[in-house]
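See below for the structure under consideration.
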Amino acid sequence: MKNSVNREIPDYLLKDGNEIFKGAYANDGKEIVRDTPTIKSNIKPRDTKLVENLKEAIKKTGLKDGDTISFHHHFRDGDFVAAMVMDAIHELGIKDLFICASSLGKAHRNFVPMIEDGTITGVSTSGVRDEIGEAISEGKLKNPAYIRSHGGRVGAIESGKVKIDVAFIGASSSDEYGNASGINGKANCGVLSYAGVDAKYADKVVVITDTLVDFPNYPHPISSVDVDYVVKVDNIGDPAKIASGAIRMTKDPRELKMAEYCAKVIANTEWFKDGFSFQTGAGGASLAAAVKIKPYLEKSGIKMGWAMGGITEPIVNLLREGYVKYLADDQAFDVASVESVYKDPAHFEIDSSEYANPLNKGAYVNKLDYVVLGALEIDKDFNVNVVVGSDGTIQGAPGGHPDTAAGANCSIIVAPLVRGRIATVREKCTSITTPGETVDVLVTDYGVCINPNRKDILEQLKDTDLPLVSIEDLVKRGEEITGTPDDIEYDDQVVAIIEYRDGSIIDVVRKVK
């Protein structure tokens, strides 16, 4: 069956409440009954929740074959906790586990042999790269992986679509009662936003820290009321590896040129006024847009009301210099943002449900004016792929991409026309993560393209010196440079299901032949 972005979804996947994607806003107003965790008091006054070691904590949770466990990714490539937990679980002989992680990457390479031997048979994640992405793409995972946006992951957990039996939460600091934080430790990650829903909805919660502090630990986004056990280990992670390759400031002239185009689009559209809101995604050009916007703020004499993210050093600097009033932080992308959150009263943490969940009564993404996002591919209908590489291998993350694109008044995609020897702007995307109806502007090194559905934005930009082009011209120019690539050949086996933020299936990923 084909969905509204013309992707073929196998009928056998449309069961147990699964449905095809019918449009970005098709499920607005849908009533959701929230799931509830199983609560059993396991502590008496003056008792401690401290457990001697990780294996003992796992045993106490009652974890068994076939259960679902969860991890967060605030340490990104510097995470030690998930690998440590899975090694302990493997040694205990527990198998057939479903992993519900907010993202997976290089730090989780030890999962691959556990996928191969049946310890891990299912995955739900908002990002998957490197060795795990390759293993899933090769069909090594027993069941198709679910790839969900950050907002979609929260919605799936809160609605009970994903039921977490045990959540393992790496915390920079914790007291013995389980009040846990992303600061106050020797390995700080800043915030624990993505772990918040896990703590609230998992039946059992284990906090793992390398820094025990006196009760009460404050601030504590993870509260003791949700925590069953606390384990102290030697080292939970390396904060220096929080900033991955995709989260970097660029010196590339091409990327800086595109960032300047982005800033000019923002400065010449109607929402650029005192108090506007702003977010950038990962990627050199999109991050650089936060720097390029500063001269326009100076010239106009206005301030951002608030910025959100994925917070990075350029945004922190705008706060320090008085160009933005508040930072709403659901993920600290670098050391500067880790050091800023909580130290500056105007820089505060929000959890992932507040950030992007489409199934609550009002996520922050719905109040965005501008968002600047990257892309692996974008097609002539403005559909965007940020998950599957041009070779058909899973190597990316929806993250908050579909959530912010749907919520912002003006969503801007920034990508080079050609990356390597492969066209980024194409007749048809390899896969679809974000539907074109939520994409407003495409910025490339060969010009700026406005979605024809946004006649208001086109009207506002037509008299600027921006090099405005059509999407058809960009597709043609890309093909002239790279030629027309051969279609990828796939097996019938579905290795991953890409859900839109409302839980509907926007695409599937098949095993490459």
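By convention here, the chains of the structure tokens are called A, B, ... in the order presented, each chain's residues are numbered starting at 1, and ligands are numbered starting at 1 in the order presented.
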
Could you give me, as a ChimeraX atom specification, the residues within 12 Å of Ala240 in chain A, counting only C-alpha atoms and dropping anything in the same chain fewer than 5 positions from it? /A:74-79,186-189,332-336,338

Output for the residues just chosen: N, CA and C atoms as a compact mmCIF listing (two decimals), in the first residue's frame:
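Here's the written file again30.txt:
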# COMPACT_ATOMS: atom_id res chain seq x y z
N HIS A 74 23.01 11.12 25.83
CA HIS A 74 23.56 12.45 26.08
C HIS A 74 25.08 12.50 26.06
N PHE A 75 25.75 11.36 26.23
CA PHE A 75 27.20 11.33 26.09
C PHE A 75 27.64 11.03 24.66
N ARG A 76 26.69 10.71 23.79
CA ARG A 76 26.96 10.48 22.39
C ARG A 76 28.12 9.50 22.21
N ASP A 77 29.16 9.85 21.44
CA ASP A 77 30.25 8.91 21.20
C ASP A 77 31.09 8.65 22.44
N GLY A 78 30.89 9.43 23.48
CA GLY A 78 31.63 9.24 24.73
C GLY A 78 30.90 8.40 25.76
N ASP A 79 29.80 7.76 25.38
CA ASP A 79 29.01 6.98 26.33
C ASP A 79 29.69 5.65 26.67
N LYS A 186 32.21 14.26 37.59
CA LYS A 186 33.50 14.35 36.91
C LYS A 186 33.36 14.12 35.40
N ALA A 187 32.20 13.65 34.97
CA ALA A 187 31.90 13.46 33.55
C ALA A 187 30.52 14.06 33.28
N ASN A 188 30.49 15.36 32.99
CA ASN A 188 29.21 16.07 32.84
C ASN A 188 28.72 16.05 31.40
N CYS A 189 27.42 15.77 31.24
CA CYS A 189 26.79 15.82 29.91
C CYS A 189 25.78 16.94 29.82
N ALA A 332 22.83 18.91 25.19
CA ALA A 332 24.04 19.73 25.12
C ALA A 332 24.97 19.11 24.10
N PHE A 333 25.23 19.85 23.02
CA PHE A 333 25.98 19.30 21.88
C PHE A 333 27.49 19.47 21.99
N ASP A 334 27.97 20.25 22.95
CA ASP A 334 29.41 20.43 23.09
C ASP A 334 29.73 20.85 24.52
N VAL A 335 31.02 20.96 24.80
CA VAL A 335 31.46 21.25 26.17
C VAL A 335 30.97 22.61 26.63
N ALA A 336 30.95 23.60 25.73
CA ALA A 336 30.51 24.94 26.11
C ALA A 336 29.06 24.94 26.58
N VAL A 338 27.46 22.32 27.82
CA VAL A 338 27.43 21.57 29.08
C VAL A 338 27.78 22.50 30.23

Please provide as a ChimeraX atom specification all residues within 10 Å of Asp473 in chain A, with the sequence filter that same-chain residues fewer than 2 positions apart are discarded (counting only C-alpha atoms). /A:380,425,446-447,449,469-471,475-479

Can you pull out every residue from range 12-73 of chain A that DSSP, working from the backbone, puts in strand (DSSP E), and format the result as a PyMOL selection string? chain A and resi 50-51+68-71

Written file, previous selection with N, CA and C atoms, as a compact mmCIF listing (two decimals), in the first residue's frame:
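Wrote it out as part25.txt, contents follow:
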# COMPACT_ATOMS: atom_id res chain seq x y z
N LEU A 50 21.36 2.09 47.03
CA LEU A 50 22.66 1.72 46.48
C LEU A 50 22.79 0.21 46.37
N VAL A 51 23.25 -0.22 45.20
CA VAL A 51 23.48 -1.64 44.93
C VAL A 51 24.97 -1.82 44.68
N THR A 68 12.11 -5.34 27.46
CA THR A 68 12.54 -4.11 26.79
C THR A 68 13.35 -3.26 27.77
N ILE A 69 14.52 -2.82 27.33
CA ILE A 69 15.35 -1.94 28.16
C ILE A 69 15.65 -0.67 27.39
N SER A 70 16.03 0.39 28.10
CA SER A 70 16.26 1.67 27.42
C SER A 70 17.55 2.32 27.89
N PHE A 71 18.08 3.17 26.98
CA PHE A 71 19.27 3.97 27.24
C PHE A 71 19.06 5.36 26.65

Nearest-residue call for Trp271 in chain A, choices A:Pro253, A:Gly17, A:Gly305, A:Pro416, using only C-alpha atoms: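 Checking each of A:Pro253, A:Gly17, A:Gly305, A:Pro416 against Trp271 in chain A, counting only C-alpha atoms, the winner is A:Gly305.
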
In terms of the shortest atom-to-atom distance over only C-alpha atoms, which of A:Thr482, A:Ser300, A:Gln331, A:Ser223 is closest to His73 in chain A? A:Gln331

I need the alpha helix (DSSP H) residues of range 86-335 of chain A per DSSP on the backbone, written as an NGL selection string. :A and (86-92 or 111-116 or 130-137 or 150-158 or 196-201 or 253-267 or 284-292 or 294-300 or 313-320 or 335)

Just C-alpha atoms for this one: save the residues we selected as a compact mmCIF listing (two decimals), in the first residue's frame.
# COMPACT_ATOMS: atom_id res chain seq x y z
CA MET A 86 24.92 -4.85 27.78
CA ASP A 87 28.17 -6.62 28.64
CA ALA A 88 26.77 -7.41 32.10
CA ILE A 89 23.46 -8.59 30.65
CA HIS A 90 25.28 -10.78 28.14
CA GLU A 91 27.33 -12.40 30.90
CA LEU A 92 24.10 -13.11 32.79
CA PHE A 111 25.93 -4.41 20.47
CA VAL A 112 26.72 -5.93 17.04
CA PRO A 113 27.84 -9.40 18.22
CA MET A 114 24.86 -9.41 20.59
CA ILE A 115 22.59 -8.74 17.61
CA GLU A 116 24.24 -11.63 15.82
CA ASP A 130 28.34 3.30 12.25
CA GLU A 131 28.63 -0.43 13.02
CA ILE A 132 25.06 -0.80 14.34
CA GLY A 133 23.63 0.93 11.27
CA GLU A 134 25.61 -1.44 9.06
CA ALA A 135 24.47 -4.52 11.01
CA ILE A 136 20.80 -3.51 10.77
CA SER A 137 21.17 -2.67 7.07
CA HIS A 150 12.69 12.42 19.27
CA GLY A 151 9.06 13.46 19.62
CA GLY A 152 7.85 10.19 18.16
CA ARG A 153 9.93 8.18 20.64
CA VAL A 154 8.35 10.00 23.57
CA GLY A 155 4.88 9.54 22.12
CA ALA A 156 5.46 5.81 21.61
CA ILE A 157 6.54 5.41 25.25
CA GLU A 158 3.83 7.58 26.79
CA GLY A 196 13.06 11.80 31.51
CA VAL A 197 10.32 9.82 29.79
CA ASP A 198 12.20 6.58 30.46
CA ALA A 199 12.34 7.35 34.18
CA LYS A 200 8.64 8.22 34.31
CA TYR A 201 7.28 5.27 32.32
CA PRO A 253 33.77 28.43 2.28
CA ARG A 254 30.90 26.56 0.63
CA GLU A 255 29.20 25.87 3.96
CA LEU A 256 29.79 29.44 5.16
CA LYS A 257 28.21 30.72 1.93
CA MET A 258 25.11 28.59 2.56
CA ALA A 259 24.99 29.76 6.19
CA GLU A 260 24.98 33.36 4.95
CA TYR A 261 22.07 32.55 2.62
CA CYS A 262 20.20 31.06 5.61
CA ALA A 263 20.75 34.16 7.69
CA LYS A 264 19.57 36.37 4.85
CA VAL A 265 16.41 34.28 4.41
CA ILE A 266 15.66 34.70 8.11
CA ALA A 267 16.40 38.43 8.17
CA GLY A 284 28.45 22.57 9.54
CA ALA A 285 26.33 24.99 7.51
CA SER A 286 23.26 24.85 9.78
CA LEU A 287 25.38 25.46 12.88
CA ALA A 288 27.20 28.31 11.15
CA ALA A 289 23.85 30.00 10.53
CA ALA A 290 23.76 30.79 14.25
CA VAL A 291 26.96 32.82 13.77
CA LYS A 292 25.86 34.47 10.53
CA LYS A 294 24.46 37.91 14.57
CA PRO A 295 25.20 40.87 12.22
CA TYR A 296 21.53 41.02 11.28
CA LEU A 297 20.56 41.14 14.94
CA GLU A 298 23.06 43.94 15.53
CA LYS A 299 21.86 45.92 12.54
CA SER A 300 18.17 45.53 13.39
CA GLU A 313 28.66 27.11 21.61
CA PRO A 314 27.52 29.69 19.01
CA ILE A 315 24.07 29.84 20.62
CA VAL A 316 25.61 30.02 24.11
CA ASN A 317 27.73 32.95 22.92
CA LEU A 318 24.63 34.76 21.64
CA LEU A 319 23.09 34.35 25.09
CA ARG A 320 26.21 35.66 26.83
CA VAL A 335 31.46 21.25 26.17

Exercise: Phe21 in chain A partners within 8 Å, only C-alpha atoms, chain neighbours under 2 positions left out, as a PyMOL selection string: chain A and resi 3-5+19+23-24+500+504-506

Residue neighbourhood Lys59 in chain A, 12 Å, only C-alpha atoms, exclusion window fewer than 3 positions, as a PyMOL selection string: chain A and resi 51-56+62-64+88-89+91-94+166+204+206+229

Filtering to N, CA, C and O atoms, could you give me those residues as a PDB file, in the first residue's frame?
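Result written to selection-v2.pdb:
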ATOM      1  N   VAL A  51      23.248  -0.224  45.199  1.00  0.00           N
ATOM      2  CA  VAL A  51      23.480  -1.645  44.934  1.00  0.00           C
ATOM      3  C   VAL A  51      24.974  -1.820  44.676  1.00  0.00           C
ATOM      4  O   VAL A  51      25.631  -0.952  44.096  1.00  0.00           O
ATOM      5  N   GLU A  52      25.510  -2.955  45.093  1.00  0.00           N
ATOM      6  CA  GLU A  52      26.958  -3.166  45.073  1.00  0.00           C
ATOM      7  C   GLU A  52      27.567  -3.069  43.687  1.00  0.00           C
ATOM      8  O   GLU A  52      28.628  -2.483  43.494  1.00  0.00           O
ATOM      9  N   ASN A  53      26.903  -3.648  42.684  1.00  0.00           N
ATOM     10  CA  ASN A  53      27.459  -3.611  41.333  1.00  0.00           C
ATOM     11  C   ASN A  53      26.342  -3.729  40.301  1.00  0.00           C
ATOM     12  O   ASN A  53      25.169  -3.938  40.651  1.00  0.00           O
ATOM     13  N   LEU A  54      26.712  -3.600  39.049  1.00  0.00           N
ATOM     14  CA  LEU A  54      25.731  -3.558  37.962  1.00  0.00           C
ATOM     15  C   LEU A  54      24.968  -4.869  37.819  1.00  0.00           C
ATOM     16  O   LEU A  54      23.747  -4.876  37.627  1.00  0.00           O
ATOM     17  N   LYS A  55      25.674  -5.990  37.909  1.00  0.00           N
ATOM     18  CA  LYS A  55      25.002  -7.283  37.774  1.00  0.00           C
ATOM     19  C   LYS A  55      23.967  -7.475  38.875  1.00  0.00           C
ATOM     20  O   LYS A  55      22.869  -7.999  38.623  1.00  0.00           O
ATOM     21  N   GLU A  56      24.300  -7.048  40.071  1.00  0.00           N
ATOM     22  CA  GLU A  56      23.356  -7.190  41.177  1.00  0.00           C
ATOM     23  C   GLU A  56      22.112  -6.340  40.934  1.00  0.00           C
ATOM     24  O   GLU A  56      20.982  -6.758  41.199  1.00  0.00           O
ATOM     25  N   GLY A  62      14.747  -7.897  38.062  1.00  0.00           N
ATOM     26  CA  GLY A  62      13.980  -9.023  37.533  1.00  0.00           C
ATOM     27  C   GLY A  62      14.015  -9.119  36.022  1.00  0.00           C
ATOM     28  O   GLY A  62      13.172  -9.800  35.412  1.00  0.00           O
ATOM     29  N   LEU A  63      14.987  -8.454  35.383  1.00  0.00           N
ATOM     30  CA  LEU A  63      15.091  -8.489  33.929  1.00  0.00           C
ATOM     31  C   LEU A  63      15.163  -9.928  33.424  1.00  0.00           C
ATOM     32  O   LEU A  63      15.889 -10.756  33.964  1.00  0.00           O
ATOM     33  N   LYS A  64      14.392 -10.196  32.362  1.00  0.00           N
ATOM     34  CA  LYS A  64      14.306 -11.571  31.847  1.00  0.00           C
ATOM     35  C   LYS A  64      14.291 -11.560  30.323  1.00  0.00           C
ATOM     36  O   LYS A  64      14.162 -10.494  29.690  1.00  0.00           O
ATOM     37  N   ALA A  88      27.231  -6.728  30.894  1.00  0.00           N
ATOM     38  CA  ALA A  88      26.774  -7.413  32.103  1.00  0.00           C
ATOM     39  C   ALA A  88      25.569  -8.305  31.814  1.00  0.00           C
ATOM     40  O   ALA A  88      25.481  -9.448  32.291  1.00  0.00           O
ATOM     41  N   ILE A  89      24.640  -7.800  31.014  1.00  0.00           N
ATOM     42  CA  ILE A  89      23.456  -8.585  30.649  1.00  0.00           C
ATOM     43  C   ILE A  89      23.865  -9.827  29.861  1.00  0.00           C
ATOM     44  O   ILE A  89      23.343 -10.929  30.084  1.00  0.00           O
ATOM     45  N   GLU A  91      26.693 -11.435  29.988  1.00  0.00           N
ATOM     46  CA  GLU A  91      27.328 -12.398  30.896  1.00  0.00           C
ATOM     47  C   GLU A  91      26.295 -13.134  31.749  1.00  0.00           C
ATOM     48  O   GLU A  91      26.511 -14.290  32.136  1.00  0.00           O
ATOM     49  N   LEU A  92      25.166 -12.474  32.017  1.00  0.00           N
ATOM     50  CA  LEU A  92      24.096 -13.111  32.790  1.00  0.00           C
ATOM     51  C   LEU A  92      23.258 -14.055  31.922  1.00  0.00           C
ATOM     52  O   LEU A  92      22.392 -14.773  32.444  1.00  0.00           O
ATOM     53  N   GLY A  93      23.461 -14.034  30.623  1.00  0.00           N
ATOM     54  CA  GLY A  93      22.767 -14.963  29.732  1.00  0.00           C
ATOM     55  C   GLY A  93      21.348 -14.565  29.374  1.00  0.00           C
ATOM     56  O   GLY A  93      20.586 -15.380  28.838  1.00  0.00           O
ATOM     57  N   ILE A  94      20.973 -13.314  29.628  1.00  0.00           N
ATOM     58  CA  ILE A  94      19.627 -12.843  29.273  1.00  0.00           C
ATOM     59  C   ILE A  94      19.626 -12.491  27.787  1.00  0.00           C
ATOM     60  O   ILE A  94      20.545 -11.855  27.276  1.00  0.00           O
ATOM     61  N   VAL A 166      12.915  -2.055  31.969  1.00  0.00           N
ATOM     62  CA  VAL A 166      13.990  -1.505  32.803  1.00  0.00           C
ATOM     63  C   VAL A 166      14.704  -0.392  32.035  1.00  0.00           C
ATOM     64  O   VAL A 166      15.160  -0.602  30.906  1.00  0.00           O
ATOM     65  N   LYS A 204      10.989  -0.378  36.001  1.00  0.00           N
ATOM     66  CA  LYS A 204      12.141  -0.309  36.910  1.00  0.00           C
ATOM     67  C   LYS A 204      13.172   0.641  36.330  1.00  0.00           C
ATOM     68  O   LYS A 204      13.391   0.676  35.111  1.00  0.00           O
ATOM     69  N   VAL A 206      17.201   2.110  36.861  1.00  0.00           N
ATOM     70  CA  VAL A 206      18.518   1.997  37.468  1.00  0.00           C
ATOM     71  C   VAL A 206      19.355   3.209  37.059  1.00  0.00           C
ATOM     72  O   VAL A 206      19.557   3.452  35.869  1.00  0.00           O
ATOM     73  N   TYR A 229      17.039   1.714  41.806  1.00  0.00           N
ATOM     74  CA  TYR A 229      18.376   1.334  42.259  1.00  0.00           C
ATOM     75  C   TYR A 229      19.417   2.324  41.747  1.00  0.00           C
ATOM     76  O   TYR A 229      19.246   2.940  40.688  1.00  0.00           O
TER      77      TYR A 229
END

Asn383 in chain A surroundings by only C-alpha atoms, 6 Å radius, close-in-sequence under 2 positions cut, as a ChimeraX atom specification: /A:378-379,381,434-436

Expressed in Å, the length from CA of Ile236 in chain A to CA of His401 in chain A is 28.2 Å

Can you work out which one of A:Asn409, A:Ser352, A:Ser172, A:Ser224 has the shortest atom-to-atom distance to Gly237 in chain A, counting only C-alpha atoms?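 Among the listed residues, the smallest separation from Gly237 in chain A belongs to A:Ser172.
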
Do a neighbour search on Asp403 in chain A at 8 Å with only C-alpha atoms, toss out local chain neighbours closer than 6 positions, and write the hits as a list in words.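 Residues near the query, excluding close chain neighbours: Ser149, His150, Gly151, Ala356, Asn357, Pro358, Val365 and Arg501 of chain A.
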
Would you export the selected residues with N, CA, C and O atoms as a PDB file, in the first residue's frame, please?
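File produced: result-v8.pdb:
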ATOM      1  N   SER A 149      11.440   9.781  15.419  1.00  0.00           N
ATOM      2  CA  SER A 149      11.941  11.096  15.798  1.00  0.00           C
ATOM      3  C   SER A 149      11.995  11.191  17.319  1.00  0.00           C
ATOM      4  O   SER A 149      11.440  10.345  18.040  1.00  0.00           O
ATOM      5  N   HIS A 150      12.649  12.231  17.819  1.00  0.00           N
ATOM      6  CA  HIS A 150      12.687  12.421  19.267  1.00  0.00           C
ATOM      7  C   HIS A 150      11.274  12.552  19.841  1.00  0.00           C
ATOM      8  O   HIS A 150      10.948  11.968  20.869  1.00  0.00           O
ATOM      9  N   GLY A 151      10.438  13.331  19.163  1.00  0.00           N
ATOM     10  CA  GLY A 151       9.057  13.464  19.624  1.00  0.00           C
ATOM     11  C   GLY A 151       8.285  12.178  19.478  1.00  0.00           C
ATOM     12  O   GLY A 151       7.484  11.813  20.338  1.00  0.00           O
ATOM     13  N   ALA A 356       9.293  18.057  21.906  1.00  0.00           N
ATOM     14  CA  ALA A 356       8.860  17.693  20.560  1.00  0.00           C
ATOM     15  C   ALA A 356       7.713  16.700  20.465  1.00  0.00           C
ATOM     16  O   ALA A 356       7.338  16.313  19.367  1.00  0.00           O
ATOM     17  N   ASN A 357       7.135  16.269  21.572  1.00  0.00           N
ATOM     18  CA  ASN A 357       6.117  15.223  21.511  1.00  0.00           C
ATOM     19  C   ASN A 357       4.826  15.735  20.857  1.00  0.00           C
ATOM     20  O   ASN A 357       4.188  16.643  21.367  1.00  0.00           O
ATOM     21  N   PRO A 358       4.416  15.144  19.727  1.00  0.00           N
ATOM     22  CA  PRO A 358       3.196  15.608  19.064  1.00  0.00           C
ATOM     23  C   PRO A 358       1.924  15.141  19.757  1.00  0.00           C
ATOM     24  O   PRO A 358       0.821  15.573  19.387  1.00  0.00           O
ATOM     25  N   VAL A 365       8.322  22.818  20.010  1.00  0.00           N
ATOM     26  CA  VAL A 365       8.523  22.939  18.561  1.00  0.00           C
ATOM     27  C   VAL A 365       7.381  23.695  17.896  1.00  0.00           C
ATOM     28  O   VAL A 365       7.576  24.327  16.853  1.00  0.00           O
ATOM     29  N   ARG A 501       6.426  11.305  13.134  1.00  0.00           N
ATOM     30  CA  ARG A 501       6.341  11.695  14.543  1.00  0.00           C
ATOM     31  C   ARG A 501       5.011  11.315  15.189  1.00  0.00           C
ATOM     32  O   ARG A 501       4.923  11.183  16.420  1.00  0.00           O
TER      33      ARG A 501
END
